[in-house]
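Okay, coords32.tsv now, which holds TSV, C-alpha atoms:
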```
chain	number	residue	atom	x	y	z
E	1	MET	CA	306.31	41.87	247.98
E	2	SER	CA	305.17	43.14	251.38
E	3	ASN	CA	301.60	42.86	252.61
E	4	TYR	CA	299.64	45.70	254.18
E	5	TRP	CA	296.34	46.35	255.92
E	6	LEU	CA	294.07	49.32	255.31
E	7	GLY	CA	292.02	51.17	257.92
E	8	LEU	CA	289.19	53.52	256.96
E	9	ASP	CA	287.62	55.95	259.44
E	10	CYS	CA	284.55	57.97	258.44
E	11	GLY	CA	283.73	60.50	261.14
E	12	GLY	CA	281.52	63.53	261.31
E	13	SER	CA	284.12	65.91	259.86
E	14	TRP	CA	286.94	63.86	258.33
E	15	LEU	CA	287.44	60.75	256.23
E	16	LYS	CA	290.77	59.07	256.96
E	17	ALA	CA	292.58	56.12	255.39
E	18	GLY	CA	295.58	54.54	257.13
E	19	LEU	CA	298.06	51.95	255.88
E	20	TYR	CA	299.69	49.47	258.30
E	21	ASP	CA	302.33	46.79	257.94
E	22	GLY	CA	302.21	43.22	259.23
E	23	ALA	CA	303.49	44.28	262.65
E	24	GLY	CA	300.71	46.86	263.01
E	25	ARG	CA	303.01	49.82	262.44
E	26	GLU	CA	301.49	52.87	260.78
E	27	VAL	CA	302.99	53.46	257.33
E	28	ALA	CA	300.98	56.51	256.27
E	29	VAL	CA	297.64	58.29	256.71
E	30	GLN	CA	295.65	60.38	254.25
E	31	ARG	CA	292.56	62.43	255.11
E	32	LEU	CA	289.87	64.45	253.42
E	33	PRO	CA	287.34	66.85	254.99
E	34	LEU	CA	283.70	65.82	254.92
E	35	HIS	CA	280.84	68.25	254.45
E	36	ALA	CA	277.44	67.80	256.06
E	37	LEU	CA	274.30	69.26	254.52
E	38	SER	CA	271.66	71.08	256.56
E	39	PRO	CA	268.72	71.96	254.29
E	40	GLN	CA	266.54	72.77	257.30
E	41	PRO	CA	267.26	73.63	260.95
E	42	GLY	CA	268.09	70.46	262.87
E	43	TRP	CA	268.67	68.39	259.73
E	44	VAL	CA	272.11	66.87	259.11
E	45	GLU	CA	272.59	64.94	255.88
E	46	ARG	CA	275.35	63.57	253.67
E	47	ASP	CA	275.42	62.89	249.94
E	48	MET	CA	275.97	59.13	249.65
E	49	THR	CA	277.43	59.17	246.14
E	50	GLU	CA	279.84	61.94	247.08
E	51	LEU	CA	280.93	60.03	250.19
E	52	TRP	CA	281.78	56.96	248.12
E	53	GLN	CA	283.72	59.10	245.65
E	54	GLN	CA	285.66	60.64	248.53
E	55	CYS	CA	286.34	57.18	249.93
E	56	GLY	CA	287.86	56.09	246.62
E	57	SER	CA	289.85	59.30	246.43
E	58	VAL	CA	291.39	59.06	249.90
E	59	ILE	CA	292.39	55.42	249.36
E	60	SER	CA	293.86	56.24	245.95
E	61	LYS	CA	295.89	59.11	247.42
E	62	LEU	CA	297.16	56.85	250.18
E	63	LEU	CA	298.33	54.13	247.80
E	64	THR	CA	299.88	56.64	245.40
E	65	HIS	CA	301.72	58.36	248.24
E	66	THR	CA	303.15	55.09	249.57
E	67	GLY	CA	303.70	53.30	246.26
E	68	VAL	CA	301.70	50.32	247.52
E	69	SER	CA	299.47	48.51	245.03
E	70	GLY	CA	295.96	47.30	245.73
E	71	SER	CA	297.14	43.69	245.35
E	72	GLN	CA	299.32	44.14	248.44
E	73	ILE	CA	296.32	44.95	250.67
E	74	ARG	CA	295.39	41.84	252.66
E	75	GLY	CA	292.52	43.24	254.68
E	76	LEU	CA	290.40	46.29	255.46
E	77	GLY	CA	288.89	47.57	258.69
E	78	ILE	CA	286.20	50.26	258.83
E	79	SER	CA	285.24	52.53	261.72
E	80	ALA	CA	282.58	55.17	261.25
E	81	GLN	CA	280.10	57.51	262.87
E	82	GLY	CA	277.41	55.24	264.30
E	83	LYS	CA	273.64	55.20	263.97
E	84	GLY	CA	271.99	57.49	261.40
E	85	LEU	CA	270.41	56.12	258.23
E	86	PHE	CA	271.79	55.20	254.81
E	87	LEU	CA	269.13	53.85	252.43
E	88	LEU	CA	269.40	51.99	249.14
E	89	ASP	CA	266.42	51.50	246.84
E	90	LYS	CA	265.32	48.14	245.46
E	91	SER	CA	267.85	48.53	242.62
E	92	ASP	CA	270.71	49.18	245.09
E	93	ARG	CA	270.95	52.88	244.31
E	94	PRO	CA	271.28	55.56	247.01
E	95	LEU	CA	267.77	56.53	248.09
E	96	GLY	CA	268.02	60.23	248.86
E	97	LYS	CA	270.60	61.71	251.18
E	98	ALA	CA	271.98	59.84	254.18
E	99	ILE	CA	270.71	61.16	257.51
E	100	LEU	CA	273.43	61.44	260.16
E	101	SER	CA	273.07	60.60	263.84
E	102	SER	CA	273.27	64.27	264.85
E	103	ASP	CA	270.03	64.96	262.94
E	104	ARG	CA	267.06	65.99	265.12
E	105	ARG	CA	264.12	65.87	262.71
E	106	ALA	CA	262.59	62.88	264.52
E	107	MET	CA	262.30	64.66	267.88
E	108	GLU	CA	258.49	64.74	267.88
E	109	ILE	CA	258.35	61.03	267.06
E	110	VAL	CA	260.70	60.16	269.91
E	111	GLN	CA	258.67	62.32	272.31
E	112	ARG	CA	255.48	60.58	271.18
E	113	TRP	CA	257.07	57.18	271.78
E	114	GLN	CA	258.15	58.30	275.24
E	115	LYS	CA	254.57	59.26	276.11
E	116	GLU	CA	253.41	55.85	274.83
E	117	ALA	CA	256.06	54.05	276.95
E	118	VAL	CA	257.62	52.47	273.86
E	119	PRO	CA	261.19	52.75	275.24
E	120	GLN	CA	260.17	50.68	278.26
E	121	LYS	CA	258.97	47.90	275.92
E	122	LEU	CA	262.16	47.98	273.86
E	123	TYR	CA	264.79	48.18	276.58
E	124	PRO	CA	264.55	44.62	277.97
E	125	LEU	CA	265.31	43.32	274.46
E	126	THR	CA	267.64	45.95	273.02
E	127	ARG	CA	269.35	47.46	276.09
E	128	GLN	CA	269.03	50.77	274.25
E	129	THR	CA	267.21	54.01	274.91
E	130	LEU	CA	265.47	55.86	272.07
E	131	TRP	CA	266.76	59.10	270.59
E	132	THR	CA	266.53	61.06	267.38
E	133	GLY	CA	269.65	59.68	265.70
E	134	HIS	CA	268.65	56.01	265.91
E	135	PRO	CA	267.88	54.35	262.56
E	136	VAL	CA	264.43	53.38	263.86
E	137	SER	CA	263.48	56.98	264.69
E	138	LEU	CA	264.63	58.17	261.27
E	139	LEU	CA	262.85	55.31	259.50
E	140	ARG	CA	259.59	56.24	261.22
E	141	TRP	CA	260.14	59.87	260.19
E	142	VAL	CA	260.65	58.83	256.57
E	143	LYS	CA	257.51	56.67	256.72
E	144	GLU	CA	255.39	59.53	258.03
E	145	ASN	CA	256.86	62.37	255.98
E	146	GLU	CA	258.22	60.79	252.78
E	147	PRO	CA	255.98	57.76	252.16
E	148	GLN	CA	257.02	57.40	248.52
E	149	ARG	CA	260.67	57.18	249.55
E	150	TYR	CA	259.79	54.75	252.33
E	151	ALA	CA	258.03	52.46	249.85
E	152	GLN	CA	261.18	52.28	247.73
E	153	ILE	CA	263.50	51.10	250.53
E	154	GLY	CA	265.51	48.06	249.49
E	155	SER	CA	268.28	48.10	252.11
E	156	VAL	CA	268.64	49.78	255.50
E	157	MET	CA	272.24	50.60	256.39
E	158	MET	CA	274.46	52.72	258.56
E	159	THR	CA	277.75	54.31	257.53
E	160	HIS	CA	279.90	51.20	258.10
E	161	ASP	CA	277.50	49.02	256.15
E	162	TYR	CA	277.27	51.39	253.20
E	163	LEU	CA	281.03	51.81	252.82
E	164	ARG	CA	281.59	48.06	253.15
E	165	TRP	CA	278.99	47.41	250.47
E	166	CYS	CA	280.57	50.00	248.16
E	167	LEU	CA	284.02	48.45	248.65
E	168	THR	CA	283.09	44.77	248.48
E	169	GLY	CA	279.59	44.42	247.02
E	170	VAL	CA	278.59	42.52	250.17
E	171	LYS	CA	275.64	43.65	252.27
E	172	GLY	CA	275.98	43.10	255.98
E	173	CYS	CA	276.27	44.76	259.36
E	174	GLU	CA	278.45	44.22	262.42
E	175	GLU	CA	276.92	43.09	265.70
E	176	SER	CA	278.79	45.84	267.56
E	177	ASN	CA	277.07	48.42	265.36
E	178	ILE	CA	273.60	47.00	264.75
E	179	SER	CA	273.23	46.33	268.50
E	180	GLU	CA	272.91	50.11	268.95
E	181	SER	CA	270.04	50.42	266.48
E	182	ASN	CA	266.97	49.23	268.46
E	183	LEU	CA	266.46	46.67	265.69
E	184	TYR	CA	268.46	43.91	267.39
E	185	ASN	CA	267.56	41.60	270.27
E	186	MET	CA	270.61	41.41	272.53
E	187	ALA	CA	269.45	38.17	274.18
E	188	THR	CA	268.91	36.18	270.98
E	189	GLY	CA	271.61	37.82	268.86
E	190	GLN	CA	269.12	38.36	266.04
E	191	TYR	CA	266.72	40.88	264.58
E	192	ASP	CA	263.38	40.73	266.36
E	193	PRO	CA	260.18	41.54	264.42
E	194	ARG	CA	258.48	42.59	267.65
E	195	LEU	CA	260.75	45.63	267.75
E	196	THR	CA	259.81	46.96	264.32
E	197	GLU	CA	256.15	46.17	265.04
E	198	TRP	CA	256.20	48.24	268.25
E	199	LEU	CA	257.96	51.05	266.36
E	200	GLY	CA	255.50	50.95	263.46
E	201	ILE	CA	258.12	50.18	260.81
E	202	SER	CA	257.68	46.43	260.27
E	203	GLU	CA	257.65	46.97	256.49
E	204	ILE	CA	261.46	47.26	256.54
E	205	ASP	CA	262.14	43.83	258.07
E	206	SER	CA	263.14	42.32	254.73
E	207	ALA	CA	265.45	45.28	254.00
E	208	LEU	CA	267.70	44.70	257.02
E	209	PRO	CA	271.18	43.41	256.07
E	210	PRO	CA	272.46	40.12	257.50
E	211	VAL	CA	274.56	40.33	260.65
E	212	VAL	CA	278.01	39.20	259.51
E	213	GLY	CA	280.17	39.62	262.58
```

Turn this file's structure into structure tokens for me.
Amino acid sequence: MSNYWLGLDCGGSWLKAGLYDGAGREVAVQRLPLHALSPQPGWVERDMTELWQQCGSVISKLLTHTGVSGSQIRGLGISAQGKGLFLLDKSDRPLGKAILSSDRRAMEIVQRWQKEAVPQKLYPLTRQTLWTGHPVSLLRWVKENEPQRYAQIGSVMMTHDYLRWCLTGVKGCEESNISESNLYNMATGQYDPRLTEWLGISEIDSALPPVVG
């Protein structure tokens, strides 16, 4: 029985699943369109439950099309639209809609931080600028505008992290992804509580997933 590897790519418009053999040759690809929600101007959201259902559907279609069974899959790689904000509550249920990195609702917060020279404090540690699609900007927006939701946060994730958790039950984030979040100290290779303190979101420190690779 041959072994295969599965690749999953969740972009802004399409969700794709690819199957590859042991030599890295593409066997087949399936894709489904993704739909963003925009309940207000400048807002870009995604239904988290629907995304997981679509993920299961595209993988199922791929395996059915190729005749490969799940037991033949030896590994899975995930690429996805970076930044944004996917929240779980303290019972590991989706907490509202995911906010995508193209969302601009946090513009006033970012402008306020710029006037207060917050980016200049962050940059030596994070090597990142601040913009509206960063998880930290969106977390501060949730804190100021949806305090009840903010109080229920159990896990802070981005797209990669959420899909990995759905597929494996393991919470974690990749260094290559979390390093873009302004939550991560590039010099120490760890989360840094000074960052969330400067950003006014230190309450979420315990909700950050472990860095797994």

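Of the listed residues E:Asn182, E:Thr159, E:Ser91, E:Gln152, the one whose atoms come nearest to Tyr123 in chain E is E:Asn182, with distances taken using all atoms listed in the file.
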
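Proximity of E:Leu100, E:Leu6, E:Lys115, E:Ala106 to Gln72 in chain E, computed with only C-alpha atoms, is greatest for E:Leu6.
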
- Item | Exercise: Ser176 in chain E partners within 12 Å, all atoms listed in the file, chain neighbours under 6 positions left out, as a list in words | Ser79, Ala80, Gly82, Lys83, His160, Asp161, Tyr184, Met186, Gly189, Val211, Val212 and Gly213 of chain E

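Among E:Val110, E:Leu122, E:Val44, E:Leu62, the residue with the shortest atom-to-atom distance to Ala98 in chain E, counting all atoms listed in the file, is E:Val44.
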
Polymer residues at most 12 Å from Trp131 in chain E, all atoms listed in the file, same-chain spacing of 5 or more positions, as a PDB file with C-alpha atoms, in the coordinates of the input:
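New file part_37.pdb:
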```
ATOM      1  CA  LYS E  83     273.640  55.200 263.970  1.00  0.00           C
ATOM      2  CA  GLY E  84     271.990  57.490 261.400  1.00  0.00           C
ATOM      3  CA  SER E 101     273.070  60.600 263.840  1.00  0.00           C
ATOM      4  CA  SER E 102     273.270  64.270 264.850  1.00  0.00           C
ATOM      5  CA  ASP E 103     270.030  64.960 262.940  1.00  0.00           C
ATOM      6  CA  ARG E 104     267.060  65.990 265.120  1.00  0.00           C
ATOM      7  CA  ARG E 105     264.120  65.870 262.710  1.00  0.00           C
ATOM      8  CA  ALA E 106     262.590  62.880 264.520  1.00  0.00           C
ATOM      9  CA  MET E 107     262.300  64.660 267.880  1.00  0.00           C
ATOM     10  CA  GLU E 108     258.490  64.740 267.880  1.00  0.00           C
ATOM     11  CA  ILE E 109     258.350  61.030 267.060  1.00  0.00           C
ATOM     12  CA  VAL E 110     260.700  60.160 269.910  1.00  0.00           C
ATOM     13  CA  GLN E 111     258.670  62.320 272.310  1.00  0.00           C
ATOM     14  CA  ARG E 112     255.480  60.580 271.180  1.00  0.00           C
ATOM     15  CA  TRP E 113     257.070  57.180 271.780  1.00  0.00           C
ATOM     16  CA  GLN E 114     258.150  58.300 275.240  1.00  0.00           C
ATOM     17  CA  VAL E 118     257.620  52.470 273.860  1.00  0.00           C
ATOM     18  CA  PRO E 119     261.190  52.750 275.240  1.00  0.00           C
ATOM     19  CA  VAL E 136     264.430  53.380 263.860  1.00  0.00           C
ATOM     20  CA  SER E 137     263.480  56.980 264.690  1.00  0.00           C
ATOM     21  CA  LEU E 138     264.630  58.170 261.270  1.00  0.00           C
ATOM     22  CA  GLU E 180     272.910  50.110 268.950  1.00  0.00           C
ATOM     23  CA  SER E 181     270.040  50.420 266.480  1.00  0.00           C
ATOM     24  CA  ASN E 182     266.970  49.230 268.460  1.00  0.00           C
TER      25      ASN E 182
END
```

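CA of Gly56 in chain E to CA of Trp165 in chain E spans 13.0 Å [interatomic distance, one decimal].
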
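Across E:Ser206, E:Leu195, E:Thr66, E:Ala36, the tightest approach to Gln128 in chain E is made by E:Leu195 when counting all atoms listed in the file.
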
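We find CA of Asp192 in chain E and CA of Gln148 in chain E to be spaced 25.2 Å apart.
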
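Nearest to Met157 in chain E of all the residues E:Leu139, E:Ile99, E:Leu183, E:Leu85 is E:Leu85, counting all atoms listed in the file.
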
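Reported to one decimal place, the separation of CA of Tyr150 in chain E from CA of Leu88 in chain E is 10.5 Å.
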
Work out where the centre of an axis-aligned box around every listed atom of range 51-65 of chain E lies and how long its edges are once 4 Å is added on each side; give both in Å to one decimal as AutoDock Vina command-line options.
```
--center_x 291.3 --center_y 57.4 --center_z 247.8 --size_x 28.8 --size_y 14.5 --size_z 12.8
```

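Remark: for Gln190 in chain E, the closest of the candidate residues E:Ser69, E:Thr126, E:Ser13, E:Ser2 is E:Thr126 (distances computed over all atoms listed in the file).
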
List every residue of range 1-20 of chain E that has an atom at most 8 Å from any atom of range 57-60 of chain E, giving for each one its closest atom pair and the distance in Å to one decimal, counting all atoms listed in the file, sorted by chain and then by ascending residue number, as CSV.
```
residue,atom,partner,partner_atom,distance
E:Leu15,CA,E:Val58,CA,7.7
E:Lys16,CA,E:Val58,CA,7.1
E:Ala17,CA,E:Ile59,CA,6.1
```
